[in-house]
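**Q** Below you'll find start.tsv; it's TSV, C-alpha atoms.
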```tsv
chain	number	residue	atom	x	y	z
A	1	MET	CA	72.08	90.72	114.84
A	2	LYS	CA	73.96	89.47	117.88
A	3	LYS	CA	76.69	91.64	119.36
A	4	LYS	CA	80.19	90.98	117.99
A	5	LEU	CA	83.63	91.54	119.48
A	6	PHE	CA	86.53	92.54	117.23
A	7	LEU	CA	90.05	92.37	118.71
A	8	PHE	CA	93.11	93.74	116.92
A	9	ASP	CA	96.81	93.47	117.47
A	10	VAL	CA	98.43	96.83	116.66
A	11	ASP	CA	101.94	96.71	115.18
A	12	GLY	CA	101.99	94.80	111.90
A	13	THR	CA	98.22	94.25	112.04
A	14	LEU	CA	96.01	97.28	112.60
A	15	SER	CA	98.79	99.82	112.12
A	16	MET	CA	100.25	100.33	108.67
A	17	GLY	CA	103.19	102.09	110.34
A	18	ASP	CA	103.55	105.51	112.01
A	19	GLU	CA	100.33	104.83	113.95
A	20	ASN	CA	98.22	104.98	110.79
A	21	ILE	CA	95.14	102.79	110.31
A	22	HIS	CA	94.01	102.04	106.75
A	23	PRO	CA	91.18	104.53	105.99
A	24	GLU	CA	88.72	101.76	105.04
A	25	THR	CA	89.52	99.85	108.22
A	26	HIS	CA	89.00	103.01	110.26
A	27	SER	CA	85.60	103.52	108.63
A	28	ALA	CA	84.64	99.87	109.19
A	29	ILE	CA	85.54	100.12	112.89
A	30	LEU	CA	83.35	103.20	113.28
A	31	GLU	CA	80.49	101.46	111.48
A	32	ALA	CA	80.81	98.42	113.75
A	33	LYS	CA	80.67	100.68	116.81
A	34	ASN	CA	77.66	102.55	115.45
A	35	LYS	CA	75.85	99.22	115.12
A	36	GLY	CA	76.52	98.38	118.76
A	37	HIS	CA	79.45	96.02	118.41
A	38	THR	CA	82.57	96.17	120.60
A	39	VAL	CA	86.02	96.91	119.19
A	40	ALA	CA	89.16	96.38	121.25
A	41	ILE	CA	92.93	96.23	121.07
A	42	SER	CA	94.84	93.10	122.12
A	43	SER	CA	98.51	94.02	122.08
A	44	GLY	CA	101.89	93.77	123.70
A	45	ARG	CA	101.61	97.53	124.12
A	46	SER	CA	100.81	99.24	127.39
A	47	ARG	CA	97.88	101.59	127.89
A	48	SER	CA	100.25	104.58	127.58
A	49	ASP	CA	101.36	103.33	124.16
A	50	MET	CA	97.83	103.82	122.88
A	51	LEU	CA	97.78	107.56	123.56
A	52	SER	CA	99.14	108.30	120.09
A	53	PHE	CA	96.15	106.47	118.57
A	54	GLU	CA	93.77	108.38	120.81
A	55	GLU	CA	95.32	111.69	119.76
A	56	LYS	CA	94.94	110.83	116.08
A	57	TYR	CA	91.63	108.96	116.01
A	58	GLY	CA	89.88	109.74	119.29
A	59	LEU	CA	88.41	107.07	121.55
A	60	ILE	CA	87.45	104.62	118.81
A	61	PHE	CA	88.22	101.50	120.88
A	62	ASP	CA	86.23	100.32	123.88
A	63	TYR	CA	88.91	98.28	125.63
A	64	TYR	CA	92.65	97.63	125.52
A	65	VAL	CA	93.94	94.17	126.40
A	66	CYS	CA	97.44	95.34	127.32
A	67	ASN	CA	100.93	93.87	127.70
A	68	ASN	CA	100.05	90.50	126.13
A	69	GLY	CA	96.97	89.98	128.27
A	70	SER	CA	98.45	91.25	131.55
A	71	TYR	CA	95.46	93.51	132.18
A	72	ILE	CA	92.31	94.88	130.56
A	73	PHE	CA	91.78	98.63	130.40
A	74	ASN	CA	88.33	100.17	130.00
A	75	VAL	CA	88.94	103.20	127.77
A	76	PHE	CA	85.93	105.14	129.05
A	77	THR	CA	85.99	104.41	132.79
A	78	LYS	CA	89.85	104.40	132.89
A	79	GLU	CA	89.70	101.25	135.02
A	80	ALA	CA	92.34	98.50	134.80
A	81	PHE	CA	91.30	95.01	135.85
A	82	ASN	CA	92.20	91.30	135.53
A	83	LYS	CA	95.75	92.22	136.48
A	84	LYS	CA	98.52	89.65	136.07
A	85	VAL	CA	101.77	91.12	137.38
A	86	LEU	CA	105.44	90.16	137.48
A	87	PRO	CA	107.73	89.75	140.49
A	88	TYR	CA	110.18	92.65	140.53
A	89	SER	CA	113.05	90.18	141.04
A	90	VAL	CA	113.11	89.28	137.34
A	91	LEU	CA	114.12	92.85	136.55
A	92	LYS	CA	117.71	92.28	137.62
A	93	HIS	CA	118.05	89.30	135.28
A	94	LEU	CA	116.81	91.21	132.24
A	95	ASN	CA	118.72	94.35	133.12
A	96	SER	CA	121.99	92.40	133.35
A	97	PHE	CA	121.36	90.96	129.89
A	98	ALA	CA	120.52	94.40	128.50
A	99	ILE	CA	123.78	95.89	129.78
A	100	ALA	CA	125.92	92.98	128.60
A	101	ASN	CA	124.36	92.87	125.12
A	102	ASP	CA	123.72	96.59	124.43
A	103	THR	CA	119.97	96.13	124.23
A	104	PHE	CA	117.17	98.35	125.49
A	105	LEU	CA	115.08	97.56	128.54
A	106	THR	CA	111.48	98.71	128.98
A	107	VAL	CA	109.52	98.30	132.21
A	108	CYS	CA	105.73	98.69	132.10
A	109	THR	CA	103.54	99.31	135.12
A	110	LEU	CA	99.89	100.24	135.46
A	111	SER	CA	100.92	103.88	135.76
A	112	GLY	CA	103.12	104.01	132.66
A	113	LYS	CA	106.48	102.77	131.41
A	114	LEU	CA	110.18	103.57	131.53
A	115	LYS	CA	112.83	102.80	128.91
A	116	PHE	CA	116.45	102.27	129.91
A	117	PHE	CA	119.70	102.01	127.99
A	118	SER	CA	123.06	101.52	129.65
A	119	GLY	CA	125.06	100.00	126.80
A	120	ASP	CA	127.23	101.22	123.95
A	121	ILE	CA	125.14	103.07	121.36
A	122	ASN	CA	127.83	102.46	118.72
A	123	LYS	CA	126.97	98.76	118.85
A	124	THR	CA	123.26	99.23	118.18
A	125	ASN	CA	123.36	99.32	114.39
A	126	TRP	CA	120.03	97.46	114.29
A	127	ILE	CA	118.26	100.70	115.19
A	128	ASN	CA	116.83	102.64	112.28
A	129	SER	CA	118.29	106.12	112.07
A	130	ASN	CA	114.78	107.58	112.38
A	131	ASN	CA	113.98	105.59	115.50
A	132	ASP	CA	113.18	107.69	118.56
A	133	TRP	CA	114.40	105.15	121.10
A	134	LEU	CA	117.24	107.32	122.36
A	135	SER	CA	115.15	110.42	122.84
A	136	LYS	CA	112.76	108.46	125.04
A	137	SER	CA	115.36	106.43	126.94
A	138	GLN	CA	117.23	107.18	130.11
A	139	LYS	CA	120.90	106.63	129.33
A	140	SER	CA	122.25	106.86	132.89
A	141	ILE	CA	120.34	105.25	135.73
A	142	ASN	CA	120.94	103.88	139.16
A	143	PHE	CA	119.08	100.66	138.57
A	144	ASP	CA	119.11	99.61	142.23
A	145	GLU	CA	117.33	102.82	143.19
A	146	GLN	CA	114.81	102.35	140.42
A	147	LEU	CA	114.29	98.72	141.41
A	148	THR	CA	113.32	99.87	144.90
A	149	GLU	CA	110.72	102.16	143.34
A	150	PHE	CA	109.39	99.34	141.15
A	151	GLN	CA	108.81	97.22	144.27
A	152	LYS	CA	105.97	99.60	145.12
A	153	GLN	CA	104.26	99.18	141.74
A	154	ASN	CA	102.53	96.48	139.72
A	155	ILE	CA	104.94	95.47	136.95
A	156	THR	CA	102.93	94.15	134.01
A	157	GLN	CA	105.68	93.67	131.41
A	158	ILE	CA	109.44	93.85	130.98
A	159	SER	CA	110.79	94.01	127.43
A	160	LEU	CA	114.13	93.80	125.70
A	161	SER	CA	114.70	95.41	122.30
A	162	GLY	CA	117.70	94.45	120.20
A	163	SER	CA	118.89	92.73	117.06
A	164	LYS	CA	117.10	89.58	115.89
A	165	GLU	CA	120.10	87.55	117.02
A	166	ASP	CA	120.13	89.10	120.49
A	167	ILE	CA	116.40	88.55	120.94
A	168	ILE	CA	116.62	84.88	119.94
A	169	LYS	CA	119.56	84.44	122.32
A	170	ALA	CA	117.64	86.14	125.12
A	171	PHE	CA	114.52	84.05	124.44
A	172	LYS	CA	116.46	80.78	124.77
A	173	HIS	CA	118.44	81.97	127.78
A	174	PHE	CA	115.51	83.23	129.83
A	175	ASN	CA	113.24	80.33	128.98
A	176	ASN	CA	115.91	78.09	130.50
A	177	ILE	CA	116.33	80.03	133.75
A	178	LEU	CA	112.95	81.73	134.23
A	179	GLY	CA	110.57	79.78	132.03
A	180	ASN	CA	108.85	78.12	135.00
A	181	LYS	CA	108.12	81.53	136.57
A	182	THR	CA	107.38	83.85	133.66
A	183	LYS	CA	106.21	83.81	130.03
A	184	PHE	CA	108.34	85.08	127.14
A	185	PHE	CA	107.10	86.23	123.74
A	186	ILE	CA	109.03	87.36	120.65
A	187	SER	CA	107.17	90.10	118.81
A	188	ASN	CA	108.08	91.81	115.55
A	189	GLU	CA	111.44	89.95	115.65
A	190	VAL	CA	113.32	92.61	117.65
A	191	TYR	CA	111.31	92.60	120.89
A	192	LEU	CA	111.28	90.09	123.74
A	193	ASP	CA	108.36	90.56	126.12
A	194	CYS	CA	108.37	89.06	129.61
A	195	ASN	CA	104.99	88.63	131.30
A	196	ASN	CA	103.24	86.83	134.11
A	197	LEU	CA	103.18	83.07	133.48
A	198	ASN	CA	99.38	83.15	133.04
A	199	ALA	CA	99.36	86.17	130.75
A	200	ASN	CA	98.85	85.81	127.01
A	201	LYS	CA	96.61	87.45	124.46
A	202	PHE	CA	94.14	84.57	124.37
A	203	ASN	CA	93.58	84.58	128.13
A	204	GLY	CA	93.19	88.35	128.27
A	205	SER	CA	90.97	88.54	125.20
A	206	ASN	CA	88.86	85.60	126.32
A	207	ASP	CA	88.39	87.18	129.76
A	208	LEU	CA	87.06	90.27	128.01
A	209	ARG	CA	84.78	88.18	125.80
A	210	LYS	CA	83.30	86.37	128.80
A	211	MET	CA	82.87	89.63	130.70
A	212	LEU	CA	80.85	91.01	127.76
A	213	SER	CA	78.86	87.74	127.40
A	214	ILE	CA	79.79	87.43	123.73
A	215	SER	CA	80.08	83.95	122.23
A	216	MET	CA	83.27	82.51	120.74
A	217	GLY	CA	81.50	82.39	117.38
A	218	ASN	CA	80.88	86.14	117.51
A	219	THR	CA	84.46	87.02	118.40
A	220	PHE	CA	86.96	87.97	115.67
A	221	VAL	CA	90.70	88.35	116.28
A	222	PHE	CA	93.51	89.66	114.06
A	223	GLY	CA	97.28	89.30	114.50
A	224	ASP	CA	100.63	88.92	112.79
A	225	SER	CA	103.33	87.99	115.29
A	226	ASP	CA	104.42	85.17	117.57
A	227	ASN	CA	102.93	86.87	120.63
A	228	ASP	CA	99.57	86.41	118.86
A	229	LEU	CA	99.85	82.61	118.61
A	230	GLU	CA	97.65	81.72	121.59
A	231	MET	CA	95.01	84.20	120.47
A	232	LEU	CA	95.04	83.09	116.84
A	233	SER	CA	94.89	79.40	117.74
A	234	GLY	CA	92.34	79.81	120.54
A	235	PHE	CA	89.53	81.62	118.73
A	236	LYS	CA	87.31	80.18	116.00
A	237	ASN	CA	87.44	83.34	113.89
A	238	SER	CA	91.12	84.22	113.73
A	239	PHE	CA	92.90	86.04	110.93
A	240	ALA	CA	96.64	86.32	110.27
A	241	MET	CA	97.83	89.20	108.14
A	242	GLY	CA	99.61	88.52	104.86
A	243	ASN	CA	102.79	89.92	106.43
A	244	ALA	CA	102.47	87.65	109.50
A	245	THR	CA	105.16	85.31	110.75
A	246	ILE	CA	105.20	81.70	109.56
A	247	ASN	CA	104.04	80.53	112.98
A	248	ALA	CA	101.13	82.98	113.06
A	249	LYS	CA	99.97	81.88	109.61
A	250	LYS	CA	100.12	78.23	110.66
A	251	VAL	CA	97.74	78.60	113.61
A	252	ALA	CA	95.28	81.20	112.27
A	253	LYS	CA	92.04	79.97	110.76
A	254	LYS	CA	92.48	82.24	107.73
A	255	ILE	CA	95.23	84.34	106.15
A	256	ILE	CA	94.15	87.71	104.75
A	257	GLY	CA	95.90	90.65	103.08
A	258	LYS	CA	98.81	92.62	104.48
A	259	ASN	CA	98.45	95.30	107.14
A	260	THR	CA	98.88	97.98	104.45
A	261	THR	CA	95.67	96.87	102.69
A	262	ASN	CA	91.95	97.08	103.47
A	263	ALA	CA	91.84	93.36	104.38
A	264	ILE	CA	90.64	93.92	107.95
A	265	SER	CA	87.82	96.21	106.84
A	266	LYS	CA	86.45	93.48	104.56
A	267	ILE	CA	86.19	90.99	107.43
A	268	ILE	CA	84.50	93.55	109.69
A	269	LEU	CA	81.94	94.59	107.10
A	270	GLN	CA	81.14	90.98	106.21
A	271	ASN	CA	80.24	90.27	109.82
A	272	ILE	CA	78.23	93.28	110.96
```
Represent the structure of the file as C-alpha coordinates.
**A**
Amino acid sequence: MKKKLFLFDVDGTLSMGDENIHPETHSAILEAKNKGHTVAISSGRSRSDMLSFEEKYGLIFDYYVCNNGSYIFNVFTKEAFNKKVLPYSVLKHLNSFAIANDTFLTVCTLSGKLKFFSGDINKTNWINSNNDWLSKSQKSINFDEQLTEFQKQNITQISLSGSKEDIIKAFKHFNNILGNKTKFFISNEVYLDCNNLNANKFNGSNDLRKMLSISMGNTFVFGDSDNDLEMLSGFKNSFAMGNATINAKKVAKKIIGKNTTNAISKIILQNI
(Lines of atoms letter the chains of each structure in order from A and count residues from 1; the text may use other names and numbers.)
(Lines give C-alpha, C1' and ligand atoms only; values in the text may rest on other atoms or scores of the structure.)
Protein backbone atom coordinates (compact mmCIF):
# COMPACT_ATOMS: atom_id res chain seq x y z
CA MET A 1 0.00 0.00 0.00
CA LYS A 2 1.22 3.48 -0.87
CA LYS A 3 2.23 5.80 1.94
CA LYS A 4 -0.56 8.05 3.26
CA LEU A 5 -0.48 11.42 5.00
CA PHE A 6 -3.08 12.24 7.66
CA LEU A 7 -3.34 15.87 8.81
CA PHE A 8 -5.47 16.95 11.76
CA ASP A 9 -6.61 20.27 13.10
CA VAL A 10 -6.54 20.15 16.92
CA ASP A 11 -9.20 22.19 18.73
CA GLY A 12 -12.70 21.03 17.79
CA THR A 13 -11.30 18.26 15.56
CA LEU A 14 -8.72 15.93 17.06
CA SER A 15 -9.17 17.15 20.62
CA MET A 16 -12.38 16.32 22.46
CA GLY A 17 -11.46 19.04 24.97
CA ASP A 18 -8.84 19.23 27.74
CA GLU A 19 -6.23 17.90 25.27
CA ASN A 20 -7.92 14.49 25.10
CA ILE A 21 -7.98 12.42 21.91
CA HIS A 22 -10.75 9.84 21.49
CA PRO A 23 -9.22 6.47 22.51
CA GLU A 24 -10.15 4.81 19.20
CA THR A 25 -8.65 7.69 17.24
CA HIS A 26 -5.47 7.44 19.31
CA SER A 27 -5.25 3.73 18.54
CA ALA A 28 -5.90 4.32 14.83
CA ILE A 29 -3.12 6.94 14.67
CA LEU A 30 -0.66 4.51 16.25
CA GLU A 31 -1.72 1.78 13.83
CA ALA A 32 -1.23 4.13 10.87
CA LYS A 33 2.27 4.99 12.11
CA ASN A 34 3.12 1.33 12.65
CA LYS A 35 2.21 0.68 9.01
CA GLY A 36 4.58 3.40 7.82
CA HIS A 37 2.15 6.23 7.19
CA THR A 38 2.76 9.83 8.28
CA VAL A 39 0.53 11.61 10.79
CA ALA A 40 0.75 15.35 11.34
CA ILE A 41 -0.97 18.30 12.96
CA SER A 42 -2.16 21.29 10.91
CA SER A 43 -3.28 23.92 13.38
CA GLY A 44 -3.41 27.54 14.37
CA ARG A 45 -1.41 26.45 17.41
CA SER A 46 2.30 27.06 17.82
CA ARG A 47 4.84 24.32 18.42
CA SER A 48 4.87 25.17 22.15
CA ASP A 49 1.11 24.59 22.30
CA MET A 50 1.67 20.96 21.37
CA LEU A 51 3.78 20.20 24.44
CA SER A 52 0.70 19.21 26.43
CA PHE A 53 -0.10 16.56 23.81
CA GLU A 54 3.47 15.31 23.90
CA GLU A 55 3.34 15.02 27.70
CA LYS A 56 0.13 13.00 27.55
CA TYR A 57 0.63 10.88 24.43
CA GLY A 58 4.34 11.01 23.63
CA LEU A 59 5.68 11.82 20.17
CA ILE A 60 2.81 10.31 18.19
CA PHE A 61 2.92 12.93 15.41
CA ASP A 62 5.69 13.28 12.85
CA TYR A 63 5.22 16.94 11.94
CA TYR A 64 3.36 20.04 13.11
CA VAL A 65 2.15 22.54 10.52
CA CYS A 66 1.99 25.48 12.93
CA ASN A 67 0.29 28.88 13.17
CA ASN A 68 -2.02 28.32 10.19
CA GLY A 69 0.75 27.16 7.89
CA SER A 70 3.37 29.72 8.97
CA TYR A 71 6.01 27.02 9.42
CA ILE A 72 6.50 23.26 9.51
CA PHE A 73 8.12 21.66 12.55
CA ASN A 74 9.81 18.26 12.39
CA VAL A 75 8.98 16.68 15.75
CA PHE A 76 12.02 14.41 15.79
CA THR A 77 14.76 16.66 14.40
CA LYS A 78 13.30 19.78 16.13
CA GLU A 79 13.81 21.71 12.89
CA ALA A 80 11.45 24.49 11.76
CA PHE A 81 11.30 25.23 8.05
CA ASN A 82 9.15 26.86 5.32
CA LYS A 83 8.88 29.91 7.54
CA LYS A 84 6.39 32.65 6.66
CA VAL A 85 6.76 35.50 9.14
CA LEU A 86 4.98 38.75 9.97
CA PRO A 87 6.37 42.30 10.02
CA TYR A 88 6.61 43.42 13.63
CA SER A 89 4.87 46.69 12.71
CA VAL A 90 1.44 45.03 12.73
CA LEU A 91 1.85 44.37 16.44
CA LYS A 92 1.07 47.97 17.37
CA HIS A 93 -2.21 47.85 15.43
CA LEU A 94 -3.43 44.69 17.16
CA ASN A 95 -2.18 45.77 20.57
CA SER A 96 -4.09 49.06 20.32
CA PHE A 97 -7.27 47.13 19.52
CA ALA A 98 -6.66 44.72 22.40
CA ILE A 99 -6.31 47.56 24.91
CA ALA A 100 -9.33 49.48 23.62
CA ASN A 101 -11.59 46.42 23.55
CA ASP A 102 -10.38 44.47 26.61
CA THR A 103 -9.23 41.51 24.55
CA PHE A 104 -6.17 39.31 24.93
CA LEU A 105 -3.16 39.50 22.64
CA THR A 106 -0.89 36.55 21.90
CA VAL A 107 2.37 36.82 19.98
CA CYS A 108 3.96 33.64 18.60
CA THR A 109 7.56 33.33 17.50
CA LEU A 110 9.68 30.34 16.57
CA SER A 111 11.02 30.27 20.12
CA GLY A 112 7.65 30.32 21.90
CA LYS A 113 4.77 32.69 22.62
CA LEU A 114 3.72 35.46 24.98
CA LYS A 115 0.20 36.40 26.07
CA PHE A 116 -0.65 39.96 27.05
CA PHE A 117 -3.63 41.59 28.72
CA SER A 118 -3.81 45.29 29.47
CA GLY A 119 -7.58 45.80 29.67
CA ASP A 120 -10.28 45.65 32.31
CA ILE A 121 -10.80 42.08 33.51
CA ASN A 122 -14.29 42.98 34.76
CA LYS A 123 -15.36 43.45 31.14
CA THR A 124 -14.23 40.00 30.00
CA ASN A 125 -17.35 38.04 30.92
CA TRP A 126 -16.86 35.87 27.82
CA ILE A 127 -14.08 34.00 29.62
CA ASN A 128 -15.10 30.76 31.26
CA SER A 129 -14.42 30.80 34.98
CA ASN A 130 -12.17 27.75 34.57
CA ASN A 131 -10.11 29.35 31.83
CA ASP A 132 -6.42 29.74 32.63
CA TRP A 133 -5.87 32.80 30.46
CA LEU A 134 -5.07 35.10 33.37
CA SER A 135 -2.58 32.80 35.00
CA LYS A 136 -0.62 32.64 31.75
CA SER A 137 -0.94 36.30 30.78
CA GLN A 138 1.22 39.26 31.61
CA LYS A 139 -1.11 41.93 32.98
CA SER A 140 1.36 44.83 33.05
CA ILE A 141 3.78 45.29 30.18
CA ASN A 142 5.80 47.99 28.54
CA PHE A 143 4.74 47.12 25.04
CA ASP A 144 7.29 49.41 23.37
CA GLU A 145 10.11 47.58 25.13
CA GLN A 146 8.65 44.23 24.16
CA LEU A 147 8.18 45.40 20.57
CA THR A 148 11.90 46.15 20.39
CA GLU A 149 12.60 42.59 21.51
CA PHE A 150 10.18 41.19 18.93
CA GLN A 151 12.10 43.00 16.18
CA LYS A 152 14.91 40.51 16.76
CA GLN A 153 12.65 37.47 16.33
CA ASN A 154 10.58 35.79 13.63
CA ILE A 155 6.94 36.53 14.44
CA THR A 156 4.79 33.75 13.00
CA GLN A 157 1.36 34.69 14.38
CA ILE A 158 -0.43 37.40 16.35
CA SER A 159 -3.81 36.54 17.85
CA LEU A 160 -6.65 38.32 19.56
CA SER A 161 -9.00 36.50 21.93
CA GLY A 162 -12.32 38.04 22.90
CA SER A 163 -16.08 37.81 22.62
CA LYS A 164 -17.61 36.68 19.33
CA GLU A 165 -18.72 40.25 18.71
CA ASP A 166 -15.25 41.68 19.33
CA ILE A 167 -13.62 39.11 17.06
CA ILE A 168 -16.03 39.82 14.19
CA LYS A 169 -15.43 43.56 14.65
CA ALA A 170 -11.67 43.03 14.65
CA PHE A 171 -11.84 40.79 11.57
CA LYS A 172 -13.69 43.45 9.56
CA HIS A 173 -11.52 46.29 10.86
CA PHE A 174 -8.15 44.69 10.18
CA ASN A 175 -9.14 43.27 6.81
CA ASN A 176 -9.88 46.85 5.78
CA ILE A 177 -6.58 48.35 6.96
CA LEU A 178 -4.14 45.43 6.79
CA GLY A 179 -5.80 42.93 4.48
CA ASN A 180 -3.36 43.63 1.64
CA LYS A 181 -0.38 42.90 3.92
CA THR A 182 -1.52 40.08 6.20
CA LYS A 183 -4.03 37.23 6.40
CA PHE A 184 -6.74 37.02 9.07
CA PHE A 185 -8.56 33.88 10.22
CA ILE A 186 -11.40 33.45 12.73
CA SER A 187 -11.03 30.19 14.64
CA ASN A 188 -13.37 28.68 17.21
CA GLU A 189 -15.39 31.94 17.12
CA VAL A 190 -13.42 33.74 19.86
CA TYR A 191 -9.96 33.87 18.24
CA LEU A 192 -8.64 36.09 15.47
CA ASP A 193 -5.33 34.90 14.03
CA CYS A 194 -3.10 37.21 12.01
CA ASN A 195 -0.52 35.54 9.74
CA ASN A 196 1.73 36.17 6.79
CA LEU A 197 -0.30 36.87 3.64
CA ASN A 198 0.89 33.60 2.07
CA ALA A 199 0.26 31.48 5.16
CA ASN A 200 -2.75 29.19 5.40
CA LYS A 201 -3.27 25.58 6.34
CA PHE A 202 -3.54 24.40 2.74
CA ASN A 203 -0.23 25.95 1.70
CA GLY A 204 1.59 24.63 4.75
CA SER A 205 0.04 21.17 4.55
CA ASN A 206 0.59 20.94 0.80
CA ASP A 207 4.25 21.95 1.23
CA LEU A 208 4.62 19.06 3.67
CA ARG A 209 2.85 16.68 1.28
CA LYS A 210 5.17 17.62 -1.58
CA MET A 211 8.23 17.35 0.64
CA LEU A 212 7.20 13.77 1.53
CA SER A 213 6.35 12.95 -2.13
CA ILE A 214 2.85 11.82 -1.20
CA SER A 215 0.08 12.26 -3.76
CA MET A 216 -3.01 14.42 -3.24
CA GLY A 217 -5.11 11.26 -3.44
CA ASN A 218 -3.22 9.74 -0.51
CA THR A 219 -3.55 12.81 1.70
CA PHE A 220 -6.40 13.07 4.23
CA VAL A 221 -7.24 16.25 6.14
CA PHE A 222 -9.65 16.92 9.02
CA GLY A 223 -10.94 20.26 10.33
CA ASP A 224 -13.84 22.13 11.90
CA SER A 225 -13.25 25.87 11.80
CA ASP A 226 -12.97 28.77 9.38
CA ASN A 227 -9.18 28.73 9.52
CA ASP A 228 -9.46 25.25 7.97
CA LEU A 229 -11.34 26.44 4.86
CA GLU A 230 -8.39 26.54 2.46
CA MET A 231 -7.23 23.11 3.63
CA LEU A 232 -10.67 21.53 3.46
CA SER A 233 -11.39 22.96 0.00
CA GLY A 234 -7.91 22.30 -1.40
CA PHE A 235 -7.53 18.58 -0.73
CA LYS A 236 -9.47 15.78 -2.41
CA ASN A 237 -9.96 13.84 0.83
CA SER A 238 -11.20 16.43 3.30
CA PHE A 239 -13.45 15.82 6.28
CA ALA A 240 -15.37 18.36 8.36
CA MET A 241 -16.41 17.34 11.84
CA GLY A 242 -20.10 17.20 12.76
CA ASN A 243 -19.50 20.16 15.09
CA ALA A 244 -17.79 22.20 12.34
CA THR A 245 -18.80 25.69 11.27
CA ILE A 246 -21.27 26.13 8.42
CA ASN A 247 -18.49 27.37 6.16
CA ALA A 248 -16.25 24.39 6.93
CA LYS A 249 -19.07 21.95 6.18
CA LYS A 250 -19.77 23.68 2.87
CA VAL A 251 -16.25 23.25 1.49
CA ALA A 252 -15.29 19.83 2.90
CA LYS A 253 -15.74 16.81 0.67
CA LYS A 254 -17.47 14.89 3.47
CA ILE A 255 -19.00 15.62 6.87
CA ILE A 256 -18.33 13.03 9.59
CA GLY A 257 -19.20 12.69 13.28
CA LYS A 258 -18.40 15.18 16.02
CA ASN A 259 -14.97 15.53 17.61
CA THR A 260 -16.25 13.67 20.69
CA THR A 261 -16.86 10.50 18.63
CA ASN A 262 -14.65 7.89 16.96
CA ALA A 263 -15.39 9.36 13.50
CA ILE A 264 -11.75 10.15 12.68
CA SER A 265 -10.60 6.66 13.60
CA LYS A 266 -13.04 5.14 11.10
CA ILE A 267 -11.61 7.19 8.23
CA ILE A 268 -8.02 6.31 9.20
CA LEU A 269 -8.70 2.59 9.47
CA GLN A 270 -10.59 2.53 6.17
CA ASN A 271 -7.56 3.94 4.39
CA ILE A 272 -4.59 2.08 5.83
**Q** Phe202 in chain A: which residues within 7 Å, counting all atoms listed in the file, same-chain residues fewer than 3 positions away excluded, as an MDAnalysis selection string?
**A** chainID A and resid 205:206 230:231 234
**Q** Please, what distance in Å, to one decimal, runs between CA of Ile272 in chain A and CA of Ser213 in chain A?
**A**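 CA of Ser213 in chain A lies 17.4 Å from CA of Ile272 in chain A.
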**Q** I want to know what sits within 8 Å of Ile41 in chain A, based on all atoms listed in the file, with residues of the same chain fewer than 6 positions away left out; could you give that as number ranges by chain?
**A** A: 7-10, 61, 63-66
**Q** One number please: CA of Leu86 in chain A to CA of Thr156 in chain A, in Å, one decimal.
**A** 5.9 Å
**Q** Looking at all atoms listed in the file, which of A:Ile158, A:Gly223, A:Ile268, A:Asp11 is the one that sits closest to Lys33 in chain A?
**A**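 That would be A:Ile268, the residue with the smallest distance to Lys33 in chain A.
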**Q** With distances taken over all atoms listed in the file, which residue among A:Lys164, A:His22, A:Lys92, A:Lys253 lies nearest Phe222 in chain A?
**A**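 Closest to Phe222 in chain A of all the choices is A:Lys253.
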**Q** So, counting only C-alpha atoms, which residue among A:Phe117, A:Tyr71, A:Val190, A:Glu149 is closest to Ala100 in chain A?
**A** A:Phe117
